[in-house]
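What's in run.cif: mmCIF, C-alpha atoms and all ligand atoms
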```cif
data_final
#
loop_
_atom_site.group_PDB
_atom_site.id
_atom_site.type_symbol
_atom_site.label_atom_id
_atom_site.label_comp_id
_atom_site.auth_asym_id
_atom_site.auth_seq_id
_atom_site.Cartn_x
_atom_site.Cartn_y
_atom_site.Cartn_z
ATOM 1 C CA MET B 25 0.000 0.000 0.000
ATOM 2 C CA ALA B 26 1.419 3.388 -0.961
ATOM 3 C CA SER B 27 1.894 5.756 1.971
ATOM 4 C CA GLY B 28 -0.789 8.425 1.961
ATOM 5 C CA SER B 29 -3.231 6.039 0.319
ATOM 6 C CA THR B 30 -6.690 6.265 1.851
ATOM 7 C CA VAL B 31 -7.997 2.800 1.095
ATOM 8 C CA VAL B 32 -6.816 -0.648 2.066
ATOM 9 C CA GLY B 33 -8.044 -3.740 0.251
ATOM 10 C CA LEU B 34 -8.331 -7.311 1.469
ATOM 11 C CA ASP B 35 -8.564 -9.952 -1.256
ATOM 12 C CA ARG B 36 -9.586 -13.517 -0.348
ATOM 13 C CA GLY B 37 -9.693 -14.715 -3.992
ATOM 14 C CA ASN B 38 -12.849 -15.771 -5.883
ATOM 15 C CA ASN B 39 -13.908 -12.123 -6.113
ATOM 16 C CA THR B 40 -14.277 -11.959 -2.357
ATOM 17 C CA THR B 41 -12.869 -8.651 -1.183
ATOM 18 C CA CYS B 42 -13.197 -5.985 1.462
ATOM 19 C CA THR B 43 -12.206 -2.337 1.181
ATOM 20 C CA ILE B 44 -11.505 -0.090 4.136
ATOM 21 C CA ASN B 45 -11.294 3.668 3.876
ATOM 22 C CA LEU B 46 -8.861 4.924 6.501
ATOM 23 C CA HIS B 47 -11.216 7.856 7.094
ATOM 24 C CA GLY B 48 -12.956 6.340 10.084
ATOM 25 C CA ALA B 49 -11.538 2.888 9.216
ATOM 26 C CA THR B 50 -14.873 2.636 7.436
ATOM 27 C CA VAL B 51 -15.513 -0.624 5.608
ATOM 28 C CA VAL B 52 -16.861 0.726 2.309
ATOM 29 C CA SER B 53 -17.207 -2.532 0.424
ATOM 30 C CA TRP B 54 -17.527 -6.217 1.168
ATOM 31 C CA ARG B 55 -17.981 -8.405 -1.866
ATOM 32 C CA VAL B 56 -18.667 -12.110 -1.583
ATOM 33 C CA ASN B 57 -18.184 -13.843 -4.932
ATOM 34 C CA ASN B 58 -18.482 -10.427 -6.529
ATOM 35 C CA GLN B 59 -21.784 -9.599 -4.783
ATOM 36 C CA GLU B 60 -21.638 -6.335 -2.849
ATOM 37 C CA GLN B 61 -23.132 -6.724 0.626
ATOM 38 C CA ILE B 62 -22.681 -3.193 1.915
ATOM 39 C CA PHE B 63 -24.637 -0.049 1.056
ATOM 40 C CA VAL B 64 -22.814 3.201 0.389
ATOM 41 C CA SER B 65 -24.906 6.108 -0.864
ATOM 42 C CA LYS B 66 -24.083 7.428 -4.318
ATOM 43 C CA GLU B 67 -24.175 10.867 -2.684
ATOM 44 C CA ALA B 68 -21.646 9.904 0.021
ATOM 45 C CA VAL B 69 -18.942 12.527 0.500
ATOM 46 C CA PHE B 70 -15.306 11.433 0.621
ATOM 47 C CA ASP B 71 -13.681 14.675 1.720
ATOM 48 C CA GLY B 72 -11.773 13.276 4.691
ATOM 49 C CA LYS B 73 -13.986 15.370 6.992
ATOM 50 C CA LYS B 74 -17.579 14.230 6.887
ATOM 51 C CA ALA B 75 -18.546 10.724 7.993
ATOM 52 C CA ILE B 76 -19.017 8.434 5.009
ATOM 53 C CA ARG B 77 -22.737 7.858 4.363
ATOM 54 C CA GLY B 78 -22.908 4.110 4.346
ATOM 55 C CA GLY B 79 -20.431 1.306 4.804
ATOM 56 C CA ILE B 80 -19.549 0.390 8.376
ATOM 57 C CA PRO B 81 -18.521 3.493 10.323
ATOM 58 C CA ILE B 82 -17.340 2.987 13.916
ATOM 59 C CA VAL B 83 -19.280 4.917 16.543
ATOM 60 C CA PHE B 84 -16.992 5.856 19.474
ATOM 61 C CA PRO B 85 -16.935 7.268 22.143
ATOM 62 C CA GLN B 86 -20.527 8.571 21.933
ATOM 63 C CA PHE B 87 -23.634 7.231 20.220
ATOM 64 C CA GLY B 88 -26.090 9.872 18.986
ATOM 65 C CA LEU B 89 -26.082 13.556 19.791
ATOM 66 C CA TRP B 90 -23.118 14.696 21.842
ATOM 67 C CA ASN B 91 -22.832 17.948 23.767
ATOM 68 C CA TYR B 92 -19.045 17.973 23.476
ATOM 69 C CA GLY B 93 -18.294 16.771 19.963
ATOM 70 C CA PRO B 94 -19.737 15.443 16.700
ATOM 71 C CA GLN B 95 -22.799 13.167 16.578
ATOM 72 C CA HIS B 96 -21.775 9.503 16.963
ATOM 73 C CA GLY B 97 -18.326 10.534 18.219
ATOM 74 C CA PHE B 98 -15.067 11.221 16.425
ATOM 75 C CA ALA B 99 -13.766 7.748 15.479
ATOM 76 C CA ARG B 100 -15.710 7.769 12.200
ATOM 77 C CA ILE B 101 -14.235 11.103 11.084
ATOM 78 C CA MET B 102 -10.593 10.566 11.954
ATOM 79 C CA ARG B 103 -7.861 9.050 9.887
ATOM 80 C CA TRP B 104 -6.864 5.692 11.310
ATOM 81 C CA ASN B 105 -3.436 4.061 11.149
ATOM 82 C CA VAL B 106 -2.661 0.809 9.439
ATOM 83 C CA GLU B 107 -1.216 -1.255 12.233
ATOM 84 C CA ARG B 108 -0.751 -4.331 10.072
ATOM 85 C CA PRO B 109 -1.390 -4.301 6.303
ATOM 86 C CA PRO B 110 -3.453 -7.125 4.774
ATOM 87 C CA GLU B 111 -1.781 -10.458 5.296
ATOM 88 C CA ARG B 112 -2.828 -13.934 4.221
ATOM 89 C CA LEU B 113 -3.225 -16.348 7.115
ATOM 90 C CA PRO B 114 -2.378 -20.064 6.879
ATOM 91 C CA THR B 115 -6.150 -20.714 6.526
ATOM 92 C CA GLY B 116 -6.233 -18.604 3.350
ATOM 93 C CA ASP B 117 -8.210 -15.888 5.134
ATOM 94 C CA VAL B 118 -6.923 -12.322 5.016
ATOM 95 C CA GLU B 119 -6.356 -10.136 8.069
ATOM 96 C CA ALA B 120 -5.634 -6.439 8.543
ATOM 97 C CA ILE B 121 -5.326 -4.370 11.712
ATOM 98 C CA PHE B 122 -6.016 -0.662 12.193
ATOM 99 C CA SER B 123 -5.594 1.615 15.190
ATOM 100 C CA LEU B 124 -6.583 4.987 16.557
ATOM 101 C CA SER B 125 -5.263 6.784 19.640
ATOM 102 C CA ASP B 126 -6.113 10.045 21.352
ATOM 103 C CA THR B 127 -4.808 13.229 19.759
ATOM 104 C CA ASP B 128 -4.821 16.909 20.760
ATOM 105 C CA TYR B 129 -8.180 17.153 18.980
ATOM 106 C CA THR B 130 -9.782 14.200 20.776
ATOM 107 C CA ARG B 131 -8.423 15.425 24.140
ATOM 108 C CA SER B 132 -9.939 18.856 23.429
ATOM 109 C CA VAL B 133 -13.455 17.394 23.134
ATOM 110 C CA TRP B 134 -13.131 14.316 25.332
ATOM 111 C CA ASP B 135 -10.267 14.377 27.790
ATOM 112 C CA PHE B 136 -9.393 10.679 28.004
ATOM 113 C CA PRO B 137 -6.405 8.759 26.686
ATOM 114 C CA PHE B 138 -7.354 5.672 24.670
ATOM 115 C CA ARG B 139 -6.122 3.230 22.105
ATOM 116 C CA LEU B 140 -8.552 1.521 19.746
ATOM 117 C CA THR B 141 -7.428 -1.522 17.792
ATOM 118 C CA TYR B 142 -9.612 -2.826 14.977
ATOM 119 C CA ARG B 143 -8.892 -6.217 13.464
ATOM 120 C CA LEU B 144 -10.688 -7.435 10.362
ATOM 121 C CA ILE B 145 -10.567 -10.931 8.964
ATOM 122 C CA LEU B 146 -12.046 -11.723 5.577
ATOM 123 C CA ARG B 147 -13.132 -15.331 5.173
ATOM 124 C CA GLU B 148 -14.933 -17.081 2.318
ATOM 125 C CA LYS B 149 -18.425 -15.955 3.268
ATOM 126 C CA GLU B 150 -17.693 -14.107 6.492
ATOM 127 C CA LEU B 151 -16.268 -10.867 7.729
ATOM 128 C CA HIS B 152 -14.940 -10.826 11.308
ATOM 129 C CA PHE B 153 -14.548 -7.628 13.288
ATOM 130 C CA ASN B 154 -12.677 -7.383 16.554
ATOM 131 C CA LEU B 155 -12.526 -4.132 18.484
ATOM 132 C CA ALA B 156 -10.292 -3.560 21.487
ATOM 133 C CA VAL B 157 -10.350 -0.372 23.538
ATOM 134 C CA TYR B 158 -7.413 0.114 25.905
ATOM 135 C CA ASN B 159 -7.410 2.668 28.702
ATOM 136 C CA PRO B 160 -3.742 3.584 29.302
ATOM 137 C CA SER B 161 -4.538 5.928 32.176
ATOM 138 C CA ILE B 162 -3.132 4.980 35.556
ATOM 139 C CA ASP B 163 -5.967 6.443 37.600
ATOM 140 C CA THR B 164 -8.977 7.441 35.457
ATOM 141 C CA MET B 165 -12.002 5.357 34.466
ATOM 142 C CA CYS B 166 -12.964 5.774 30.807
ATOM 143 C CA PRO B 167 -16.682 5.776 29.823
ATOM 144 C CA PHE B 168 -17.706 5.206 26.202
ATOM 145 C CA HIS B 169 -20.191 3.798 23.724
ATOM 146 C CA LEU B 170 -19.038 1.553 20.904
ATOM 147 C CA LEU B 171 -21.001 0.477 17.838
ATOM 148 C CA LEU B 172 -20.518 -0.831 14.308
ATOM 149 C CA HIS B 173 -22.951 1.243 12.250
ATOM 150 C CA THR B 174 -23.455 -1.392 9.561
ATOM 151 C CA TYR B 175 -25.390 -0.405 6.407
ATOM 152 C CA PHE B 176 -26.484 -3.577 4.597
ATOM 153 C CA LYS B 177 -27.334 -3.397 0.934
ATOM 154 C CA VAL B 178 -30.735 -4.901 0.171
ATOM 155 C CA PRO B 179 -32.909 -4.996 -2.968
ATOM 156 C CA ASP B 180 -36.011 -3.875 -1.030
ATOM 157 C CA VAL B 181 -35.983 -3.232 2.718
ATOM 158 C CA ARG B 182 -39.745 -3.935 2.929
ATOM 159 C CA ARG B 183 -39.031 -7.584 2.098
ATOM 160 C CA CYS B 184 -36.373 -8.049 4.796
ATOM 161 C CA GLN B 185 -37.331 -9.991 7.890
ATOM 162 C CA ILE B 186 -35.250 -9.514 10.998
ATOM 163 C CA THR B 187 -35.385 -12.285 13.571
ATOM 164 C CA GLY B 188 -33.970 -12.530 17.072
ATOM 165 C CA LEU B 189 -35.535 -9.447 18.645
ATOM 166 C CA PHE B 190 -38.738 -10.957 20.075
ATOM 167 C CA GLY B 191 -39.242 -9.918 23.706
ATOM 168 C CA CYS B 192 -36.407 -7.340 23.703
ATOM 169 C CA MET B 193 -37.006 -3.901 25.168
ATOM 170 C CA PHE B 194 -36.323 -0.998 22.826
ATOM 171 C CA ILE B 195 -36.222 2.784 22.806
ATOM 172 C CA ASP B 196 -38.166 4.181 19.874
ATOM 173 C CA LYS B 197 -36.372 7.331 18.718
ATOM 174 C CA THR B 198 -39.103 8.071 16.156
ATOM 175 C CA ARG B 199 -41.661 8.474 18.948
ATOM 176 C CA ASP B 200 -41.139 9.662 22.485
ATOM 177 C CA ASN B 201 -37.877 7.935 23.366
ATOM 178 C CA ASN B 202 -39.900 5.733 25.699
ATOM 179 C CA MET B 203 -39.223 2.067 26.230
ATOM 180 C CA TYR B 204 -41.364 -0.583 24.518
ATOM 181 C CA GLN B 205 -41.230 -4.346 24.209
ATOM 182 C CA GLU B 206 -40.930 -6.092 20.862
ATOM 183 C CA THR B 207 -43.866 -8.455 20.414
ATOM 184 C CA ARG B 208 -43.065 -9.634 16.898
ATOM 185 C CA ASP B 209 -41.074 -12.765 16.052
ATOM 186 C CA VAL B 210 -40.242 -11.145 12.756
ATOM 187 C CA VAL B 211 -39.442 -7.429 12.613
ATOM 188 C CA THR B 212 -40.054 -5.670 9.313
ATOM 189 C CA VAL B 213 -39.326 -2.102 8.249
ATOM 190 C CA ASN B 214 -42.031 -0.256 6.313
ATOM 191 C CA GLU B 215 -41.522 3.286 7.556
ATOM 192 C CA TRP B 216 -39.007 5.574 9.286
ATOM 193 C CA THR B 217 -37.434 3.299 11.901
ATOM 194 C CA ASP B 218 -34.914 4.219 14.597
ATOM 195 C CA ARG B 219 -34.831 1.826 17.535
ATOM 196 C CA ILE B 220 -32.293 0.891 20.144
ATOM 197 C CA TYR B 221 -32.996 -2.714 21.137
ATOM 198 C CA GLN B 222 -31.377 -3.613 24.434
ATOM 199 C CA CYS B 223 -29.886 -6.863 25.704
ATOM 200 C CA THR B 224 -30.304 -8.469 22.299
ATOM 201 C CA PRO B 225 -29.223 -12.061 21.664
ATOM 202 C CA GLN B 226 -25.877 -12.940 20.218
ATOM 203 C CA GLU B 227 -27.404 -13.832 16.869
ATOM 204 C CA ILE B 228 -29.684 -11.782 14.607
ATOM 205 C CA MET B 229 -30.732 -12.824 11.119
ATOM 206 C CA ILE B 230 -31.868 -10.686 8.170
ATOM 207 C CA THR B 231 -33.581 -12.316 5.185
ATOM 208 C CA ASN B 232 -33.695 -11.113 1.596
ATOM 209 C CA VAL B 233 -30.407 -9.308 1.505
ATOM 210 C CA VAL B 234 -28.461 -9.360 -1.785
ATOM 211 C CA SER B 235 -29.469 -12.220 -4.160
ATOM 212 C CA GLY B 236 -32.264 -13.319 -1.821
ATOM 213 C CA ARG B 237 -29.730 -14.614 0.709
ATOM 214 C CA LYS B 238 -29.717 -14.353 4.480
ATOM 215 C CA MET B 239 -27.240 -12.400 6.568
ATOM 216 C CA LYS B 240 -26.330 -13.789 9.954
ATOM 217 C CA ILE B 241 -25.035 -11.254 12.461
ATOM 218 C CA GLN B 242 -23.244 -12.557 15.530
ATOM 219 C CA LYS B 243 -21.974 -10.264 18.226
ATOM 220 C CA TYR B 244 -19.893 -10.829 21.335
ATOM 221 C CA ASN B 245 -19.705 -8.574 24.372
ATOM 222 C CA LEU B 246 -22.019 -5.976 22.809
ATOM 223 C CA SER B 247 -25.416 -5.609 24.461
ATOM 224 C CA ASP B 248 -27.498 -3.704 21.933
ATOM 225 C CA THR B 249 -28.772 -3.702 18.364
ATOM 226 C CA VAL B 250 -29.894 -0.517 16.605
ATOM 227 C CA ILE B 251 -32.244 -0.742 13.627
ATOM 228 C CA TRP B 252 -32.384 2.331 11.413
ATOM 229 C CA ASN B 253 -33.864 3.348 8.096
ATOM 230 C CA PRO B 254 -34.520 7.066 7.554
ATOM 231 C CA TRP B 255 -37.252 6.442 4.918
ATOM 232 C CA GLU B 256 -38.488 9.723 3.399
ATOM 233 C CA LYS B 257 -36.356 11.657 5.885
ATOM 234 C CA SER B 258 -33.382 10.649 3.769
ATOM 235 C CA LYS B 259 -34.601 13.255 1.265
ATOM 236 C CA GLU B 260 -33.494 15.948 3.705
ATOM 237 C CA MET B 261 -29.999 14.442 3.901
ATOM 238 C CA ALA B 262 -27.582 15.965 1.381
ATOM 239 C CA ASP B 263 -25.364 12.866 1.315
ATOM 240 C CA PHE B 264 -28.195 10.352 0.818
ATOM 241 C CA GLY B 265 -29.545 9.623 -2.671
ATOM 242 C CA LYS B 266 -33.207 10.598 -3.016
ATOM 243 C CA ASP B 267 -34.552 7.140 -3.869
ATOM 244 C CA GLU B 268 -31.998 4.991 -2.106
ATOM 245 C CA TYR B 269 -33.657 4.294 1.232
ATOM 246 C CA PRO B 270 -35.400 1.062 0.073
ATOM 247 C CA ASN B 271 -31.948 -0.315 -0.716
ATOM 248 C CA MET B 272 -30.449 -0.201 2.764
ATOM 249 C CA ILE B 273 -31.008 -1.331 6.275
ATOM 250 C CA CYS B 274 -28.815 -0.514 9.235
ATOM 251 C CA VAL B 275 -28.607 -3.275 11.797
ATOM 252 C CA GLU B 276 -25.954 -2.066 14.195
ATOM 253 C CA SER B 277 -24.229 -4.135 16.881
ATOM 254 C CA GLY B 278 -22.996 -2.067 19.774
ATOM 255 C CA GLN B 279 -23.172 -1.029 23.379
ATOM 256 C CA VAL B 280 -24.983 2.282 23.565
ATOM 257 C CA SER B 281 -27.812 2.102 26.087
ATOM 258 C CA GLN B 282 -25.340 2.037 28.981
ATOM 259 C CA PRO B 283 -21.749 3.203 28.564
ATOM 260 C CA ILE B 284 -18.880 0.793 29.032
ATOM 261 C CA ILE B 285 -16.798 2.018 31.967
ATOM 262 C CA LEU B 286 -13.231 0.887 31.457
ATOM 263 C CA ARG B 287 -10.892 0.685 34.419
ATOM 264 C CA PRO B 288 -7.389 2.176 34.116
ATOM 265 C CA GLY B 289 -4.845 -0.118 32.500
ATOM 266 C CA THR B 290 -7.477 -2.508 31.141
ATOM 267 C CA THR B 291 -8.868 -3.438 27.721
ATOM 268 C CA PHE B 292 -12.442 -3.947 26.574
ATOM 269 C CA GLU B 293 -12.861 -6.362 23.675
ATOM 270 C CA ALA B 294 -15.892 -6.982 21.501
ATOM 271 C CA SER B 295 -16.547 -8.524 18.152
ATOM 272 C CA GLN B 296 -18.993 -9.112 15.360
ATOM 273 C CA VAL B 297 -19.154 -11.749 12.653
ATOM 274 C CA LEU B 298 -21.201 -11.249 9.495
ATOM 275 C CA GLN B 299 -21.974 -14.324 7.458
ATOM 276 C CA VAL B 300 -23.732 -14.636 4.124
ATOM 277 C CA MET B 301 -25.907 -17.762 4.270
HETATM 278 C C1 LIG U 1 -28.506 5.772 13.831
HETATM 279 C C2 LIG U 1 -29.242 6.588 14.856
HETATM 280 O O1 LIG U 1 -27.659 4.857 14.441
HETATM 281 O O2 LIG U 1 -27.733 6.658 13.025
HETATM 282 C C3 LIG U 1 -30.111 7.615 14.152
HETATM 283 O O3 LIG U 1 -30.035 5.749 15.676
HETATM 284 C C4 LIG U 1 -29.270 8.474 13.227
HETATM 285 O O4 LIG U 1 -30.794 8.414 15.107
HETATM 286 C C5 LIG U 1 -28.503 7.566 12.276
HETATM 287 O O5 LIG U 1 -30.117 9.357 12.519
HETATM 288 C C6 LIG U 1 -27.601 8.299 11.294
HETATM 289 O O6 LIG U 1 -26.767 9.189 11.940
HETATM 290 P P1 LIG U 1 -25.802 10.115 11.116
HETATM 291 O O7 LIG U 1 -25.110 10.991 12.128
HETATM 292 O O8 LIG U 1 -24.844 9.222 10.384
HETATM 293 O O9 LIG U 1 -26.665 10.900 10.156
#
```
Could I get this structure in the form of structure tokens?
Ligand code: BG6
Amino acid sequence: MASGSTVVGLDRGNNTTCTINLHGATVVSWRVNNQEQIFVSKEAVFDGKKAIRGGIPIVFPQFGLWNYGPQHGFARIMRWNVERPPERLPTGDVEAIFSLSDTDYTRSVWDFPFRLTYRLILREKELHFNLAVYNPSIDTMCPFHLLLHTYFKVPDVRRCQITGLFGCMFIDKTRDNNMYQETRDVVTVNEWTDRIYQCTPQEIMITNVVSGRKMKIQKYNLSDTVIWNPWEKSKEMADFGKDEYPNMICVESGQVSQPIILRPGTTFEASQVLQVM
């Protein structure tokens, strides 16, 4: 990879690839046998400032509106380092590692030292994500949210069925921010949807993603799942194509309803595995 380059590519062979933009370490493409799985808006801005509209931005250290800094935190708008360039493992899978540490800018909005390490492994039909947050302080607890804001590409969101959320409590951000309980075995999205489901199971499934396949989402050490589709509200978003909302669904694994409080000198680790079925 040339120095100064902004994208890093992982190539598993068989037209199975993953592309990471170092702006936010945002996964901007994941192709399985040449089929793109990830939605990126055609109006997305790649100016190295704004968060990329689509892909898999990393939300840290704050989910949602933030009194001190940008919405969804700064990790998705900073340039990450390549800790280890793509490397083929003995299994044939391909791994790359990225990192982000506190800077003068991050300390100015959020006065905590941190080190984030992001490891991606591309397998035949899977993409593995491992996030580690280290608190190097010797005496200060570090509170944060962490979430993978995954935009899946789908032919028609109205035909997607999401399973695994039955019985979970959720905050409905399109209503009154009150807590409700999911009573459906199968969750569908037919309107503006913005929900934080809490204490969700390790495995969530989405049907009718690309080529009529299923997407299995597995998460470890992350308590919540956010479901988001802006519907017609996307028309007010300058970096969202006018008719694109039927073609995406965000199903986001993270911990955002309660912050993680990390003791000094310790590391928090979490992961997600996406699998095309
Ligand atoms: C979701 C939030 O995760 O992200 C929504 O629940 C928000 O409330 C959406 O609108 C997109 O946020 P942004 O900052 O990328 O426009």
Within 7 Å of ligand LIG 1 (chain U), counting all atoms listed in the file, which protein or nucleic acid residues do you find, written as a compact mmCIF listing (two decimals) with C-alpha atoms, in the frame of the given file?
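Okay, this is what ended up in selection13.txt:
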```
# COMPACT_ATOMS: atom_id res chain seq x y z
CA ALA B 75 -18.55 10.72 7.99
CA ARG B 77 -22.74 7.86 4.36
CA GLY B 88 -26.09 9.87 18.99
CA GLN B 95 -22.80 13.17 16.58
CA HIS B 96 -21.78 9.50 16.96
CA HIS B 173 -22.95 1.24 12.25
CA LYS B 197 -36.37 7.33 18.72
CA ASP B 218 -34.91 4.22 14.60
CA ARG B 219 -34.83 1.83 17.54
CA ILE B 220 -32.29 0.89 20.14
CA VAL B 250 -29.89 -0.52 16.60
CA TRP B 252 -32.38 2.33 11.41
```
Would you compute the distance between atom CA of B:Tyr204 and atom CA of B:Thr224? Give it in Å to one decimal.
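Taking atom CA of B:Tyr204 as the start and atom CA of B:Thr224 as the end point, the length is 13.8 Å.
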**Request:** Using all atoms listed in the file, determine which residues lie at most 8 Å from B:Phe98, disregarding the query and same-chain residues fewer than 3 positions distant; provide the list as a PyMOL selection string.
**Result:** chain B and resi 83-85+93-95+101-102+130
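The two atoms in question, atom CA of B:Glu150 and atom CA of B:Asp263, are spaced 28.5 Å apart.
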ask   = Which protein, DNA or RNA residues have an atom at most 8 Å from (-25.8, -10.4, 16.5), counting only C-alpha atoms? List them as a ChimeraX atom specification.
value = /B:224-229,240-244,249,277,296-297
Min atom-atom distance to B:Val52 from the set B:Gly78, B:Gly72, B:Gly37, B:Pro167, counting all atoms listed in the file, belongs to B:Gly78
So what does the PyMOL selection byres (((chain B and resi 246) around 8) and not hetatm) actually pick up in this one, as a PyMOL selection string?
chain B and resi 243-245+247-248+277-279+294-295
For the residues in the current selection, export C-alpha atoms as a PDB file, keeping the file's coordinate frame.
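Final output, saved to out.pdb:
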```
ATOM      1  CA  LYS B 243     -21.974 -10.264  18.226  1.00  0.00           C
ATOM      2  CA  TYR B 244     -19.893 -10.829  21.335  1.00  0.00           C
ATOM      3  CA  ASN B 245     -19.705  -8.574  24.372  1.00  0.00           C
ATOM      4  CA  SER B 247     -25.416  -5.609  24.461  1.00  0.00           C
ATOM      5  CA  ASP B 248     -27.498  -3.704  21.933  1.00  0.00           C
ATOM      6  CA  SER B 277     -24.229  -4.135  16.881  1.00  0.00           C
ATOM      7  CA  GLY B 278     -22.996  -2.067  19.774  1.00  0.00           C
ATOM      8  CA  GLN B 279     -23.172  -1.029  23.379  1.00  0.00           C
ATOM      9  CA  ALA B 294     -15.892  -6.982  21.501  1.00  0.00           C
ATOM     10  CA  SER B 295     -16.547  -8.524  18.152  1.00  0.00           C
TER      11      SER B 295
END
```
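By chain and then residue number, the residues within 8 Å of B:Ile285 are Met165, Cys166, Pro167 and Phe168 of chain B, counting all atoms listed in the file and disregarding those fewer than 6 positions away in sequence.
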Which residues are near B:Thr174? Cut-off 6 Å, all atoms listed in the file, ignore same chain within fewer than 6 positions. Put them as a tab-separated table (two decimals) with C-alpha atoms, in the frame of the given file.
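And here is the file that came out, result_7.tsv:
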```
chain	number	residue	atom	x	y	z
B	80	ILE	CA	-19.55	0.39	8.38
B	274	CYS	CA	-28.82	-0.51	9.24
B	275	VAL	CA	-28.61	-3.28	11.80
B	276	GLU	CA	-25.95	-2.07	14.20
```
Who sits within 10 Å of B:Lys257, all atoms listed in the file, same chain under 5 positions skipped, as a ChimeraX atom specification:
/B:215-216,264,266,269
* To do: Apply the PyMOL selection byres (((chain B and resi 177) around 10) and not hetatm) to the displayed file and report the matching residues as a VMD selection string.
  => chain B and resid 60 to 65 78 to 79 174 to 176 178 to 181 233 to 234 269 to 274
- Message: For the provided coordinates, the residues matched by the PyMOL selection byres (((chain B and resi 108) around 8) and not hetatm) should be stated as number ranges by chain.
- Response: B: 106-107, 109-111, 120-122
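Atom pair atom CA of B:Asp71 / atom CA of B:His47: separated by 9.0 Å.
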Notebook entry, point to check: If you count only C-alpha atoms, which residues fall within 8 Å of B:Asn105, apart from same-chain ones fewer than 5 positions away, as number ranges by chain?
Noted result: B: 46, 122-124
Counting all atoms listed in the file, the residue among B:Phe194, B:Tyr158, B:Phe87, B:Trp104 that lies closest to B:Leu172 is B:Phe87
Could you please fill out stretch 262-275 of chain B with N, CA and C atoms and send it back as an mmCIF file, in the coordinates of the input?
```
data_model
loop_
_atom_site.group_PDB
_atom_site.id
_atom_site.type_symbol
_atom_site.label_atom_id
_atom_site.label_comp_id
_atom_site.auth_asym_id
_atom_site.auth_seq_id
_atom_site.Cartn_x
_atom_site.Cartn_y
_atom_site.Cartn_z
ATOM 1 N N ALA B 262 -28.288 15.610 2.616
ATOM 2 C CA ALA B 262 -27.582 15.965 1.381
ATOM 3 C C ALA B 262 -26.718 14.816 0.856
ATOM 4 N N ASP B 263 -26.263 13.940 1.760
ATOM 5 C CA ASP B 263 -25.364 12.866 1.315
ATOM 6 C C ASP B 263 -26.083 11.523 1.201
ATOM 7 N N PHE B 264 -27.405 11.589 0.953
ATOM 8 C CA PHE B 264 -28.195 10.352 0.818
ATOM 9 C C PHE B 264 -29.009 10.480 -0.466
ATOM 10 N N GLY B 265 -28.812 9.558 -1.399
ATOM 11 C CA GLY B 265 -29.545 9.623 -2.671
ATOM 12 C C GLY B 265 -31.050 9.626 -2.435
ATOM 13 N N LYS B 266 -31.775 10.369 -3.238
ATOM 14 C CA LYS B 266 -33.207 10.598 -3.016
ATOM 15 C C LYS B 266 -34.039 9.309 -2.960
ATOM 16 N N ASP B 267 -33.713 8.350 -3.825
ATOM 17 C CA ASP B 267 -34.552 7.140 -3.869
ATOM 18 C C ASP B 267 -33.831 5.913 -3.340
ATOM 19 N N GLU B 268 -32.837 6.125 -2.522
ATOM 20 C CA GLU B 268 -31.998 4.991 -2.106
ATOM 21 C C GLU B 268 -32.484 4.258 -0.852
ATOM 22 N N TYR B 269 -33.367 4.900 -0.079
ATOM 23 C CA TYR B 269 -33.657 4.294 1.232
ATOM 24 C C TYR B 269 -34.223 2.864 1.167
ATOM 25 N N PRO B 270 -34.952 2.471 0.091
ATOM 26 C CA PRO B 270 -35.400 1.062 0.073
ATOM 27 C C PRO B 270 -34.237 0.077 -0.052
ATOM 28 N N ASN B 271 -33.081 0.573 -0.426
ATOM 29 C CA ASN B 271 -31.948 -0.315 -0.716
ATOM 30 C C ASN B 271 -30.960 -0.469 0.432
ATOM 31 N N MET B 272 -31.349 -0.048 1.615
ATOM 32 C CA MET B 272 -30.449 -0.201 2.764
ATOM 33 C C MET B 272 -31.225 -0.536 4.021
ATOM 34 N N ILE B 273 -30.504 -1.188 4.912
ATOM 35 C CA ILE B 273 -31.008 -1.331 6.275
ATOM 36 C C ILE B 273 -29.797 -1.326 7.199
ATOM 37 N N CYS B 274 -29.877 -0.498 8.232
ATOM 38 C CA CYS B 274 -28.815 -0.514 9.235
ATOM 39 C C CYS B 274 -29.239 -1.422 10.366
ATOM 40 N N VAL B 275 -28.447 -2.422 10.621
ATOM 41 C CA VAL B 275 -28.607 -3.275 11.797
ATOM 42 C C VAL B 275 -27.247 -3.207 12.481
#
```
